[in-house]
Amino acid sequence: QGKCPAGMAEFGGGKFKSTYYRTEMAVEPFCMDANLATTDEYTACIGTGKCDKFAVHACDPSTFEKEGRGKLPMICVDFNQADRYCKAQNKRLVSDLEWEWAARGGDAAQSYPWGNDAPAEQLCWSGREKRTMPCPIATFEQGKPGVFDLAGNIYQWTTTTNDSTGTFRVGRGGSWKDTKPEQVAIANRGGFKTTYRCGFLGIRCATAVP
């Protein structure tokens, strides 16, 4: 567990050549949630008044207020809802660079969070059999022990240093809908408008190491 709050994994900092920026980038040490934010957790945040439920049922599939889906990742949230959720936990959204550093295994520079083996049974995706919704969290351990669903299950909203210049945000990790290995590889990045919401995009929070 190290210095990070409960439920978070600690990652040391380092430098690496980002798959997107094509230049060496530095990452400071950080703590990242071991799991995606669940529908139950987001619902609890609504109860505190720090999160809202605007349009969170408007996607197909939807998990909000659906029987038996509380342990599925919270989906159908736009960027601002995801951002507010993390702030309500005294955290923030994971950054694009932090996600990539964690998923590539730091200096290991692997192609997928679990290593370099082609995706098969290591993740929640439709590459083996067609899925119709996300998987329960903590089903697929990937990368560092105790970290789940970095790739597959749902894309995760991230932040970048140039967010202030536009209305698009980066989603990382691929999702349950994907069928091709390159869609769940570390090099894959999704671009989504801040107002976009769907059944395959959700939340993972991070924070600086205390």
# chains A, B, ... in the order shown; residues from 1 in each chain; ligands from 1
call {"tool": "residues_around", "arguments": {"residues": "stretch 132-138 of chain A", "least_positions_apart": "5", "cutoff": "9 Å", "atoms": "only C-alpha atoms", "output": "ChimeraX atom specification"}}
result
/A:34-38,60-62,69-73,75,124-126,146-149,152-154,175-177,199-200
call {"tool": "write_last_selection", "arguments": {"atoms": "C-alpha atoms", "output": "CSV table (one decimal), in the first residue's frame"}}
result
chain,number,residue,atom,x,y,z
A,34,ALA,CA,-6.9,0.3,-8.1
A,35,ASN,CA,-10.5,0.1,-9.5
A,36,LEU,CA,-12.8,2.1,-11.7
A,37,ALA,CA,-15.5,4.1,-9.9
A,38,THR,CA,-18.5,1.9,-9.5
A,60,ASP,CA,-27.6,2.0,-23.7
A,61,PRO,CA,-26.5,0.2,-21.7
A,62,SER,CA,-27.0,2.2,-18.5
A,69,ARG,CA,-25.5,-3.3,-11.7
A,70,GLY,CA,-24.1,-1.5,-8.7
A,71,LYS,CA,-20.6,-3.2,-9.0
A,72,LEU,CA,-20.4,-2.3,-12.7
A,73,PRO,CA,-18.3,0.7,-13.6
A,75,ILE,CA,-20.9,4.9,-17.2
A,124,CYS,CA,-13.3,-7.5,-20.5
A,125,TRP,CA,-13.7,-7.1,-24.2
A,126,SER,CA,-15.6,-8.5,-27.2
A,146,GLY,CA,-4.1,-5.2,-7.2
A,147,VAL,CA,-4.8,-2.9,-10.1
A,148,PHE,CA,-7.7,-3.8,-12.3
A,149,ASP,CA,-9.2,-2.9,-15.7
A,152,GLY,CA,-10.9,-3.2,-21.5
A,153,ASN,CA,-14.1,-2.8,-19.6
A,154,ILE,CA,-14.5,1.0,-20.1
A,175,SER,CA,-13.7,-1.0,-23.6
A,176,TRP,CA,-15.9,-4.0,-23.5
A,177,LYS,CA,-17.1,-3.2,-27.0
A,199,GLY,CA,-22.0,3.1,-22.1
A,200,PHE,CA,-18.3,2.5,-22.4
call {"tool": "select_by_dssp", "arguments": {"residues": "stretch 1-205 of chain A", "states": "helix (DSSP H, G or I)", "output": "MDAnalysis selection string"}}
result
chainID A and resid 39:48 79:88 96:103 106:108 163:165 181:183
call {"tool": "closest_residue", "arguments": {"among": "A:Gly127, A:Gly171, A:Gly115, A:Pro210", "to": "A:Leu93", "atoms": "only C-alpha atoms"}}
result
A:Gly171
call {"tool": "residues_around", "arguments": {"residues": "A:Arg204", "least_positions_apart": "6", "cutoff": "12 Å", "atoms": "only C-alpha atoms", "output": "PyMOL selection string"}}
result
chain A and resi 7-9+31-38+41-42+73-75+79+82-87+89+91-96+98-99+137+147-151+154-159+171-173
call {"tool": "closest_residue", "arguments": {"among": "A:Tyr112, A:Phe11, A:Phe54, A:Tyr21", "to": "A:Asn80", "atoms": "only C-alpha atoms"}}
result
A:Phe54
call {"tool": "select_by_dssp", "arguments": {"residues": "chain A", "states": "strand (DSSP E or B)", "output": "number ranges by chain"}}
result
A: 8-11, 14-17, 24-27, 30-33, 38, 73, 92-93, 95, 112, 115, 141, 148, 155-159, 168-172, 189-193, 201-202, 205-208
call {"tool": "residues_around", "arguments": {"residues": "A:Trp114", "least_positions_apart": "3", "cutoff": "12 Å", "atoms": "only C-alpha atoms", "output": "VMD selection string"}}
result
chain A and resid 102 to 105 108 to 111 117 to 123 140 to 145 147 to 152 184 to 186
call {"tool": "closest_residue", "arguments": {"among": "A:Thr167, A:Asp40, A:Ala88, A:Lys15", "to": "A:Gly68", "atoms": "only C-alpha atoms"}}
result
A:Asp40
call {"tool": "atom_distance", "arguments": {"atom1": "atom CA of A:Phe168", "atom2": "atom CA of A:Gly190"}}
result
9.8 Å
call {"tool": "closest_residue", "arguments": {"among": "A:Phe30, A:Trp101, A:Gly14, A:Ala206", "to": "A:Ala187", "atoms": "only C-alpha atoms"}}
result
A:Trp101
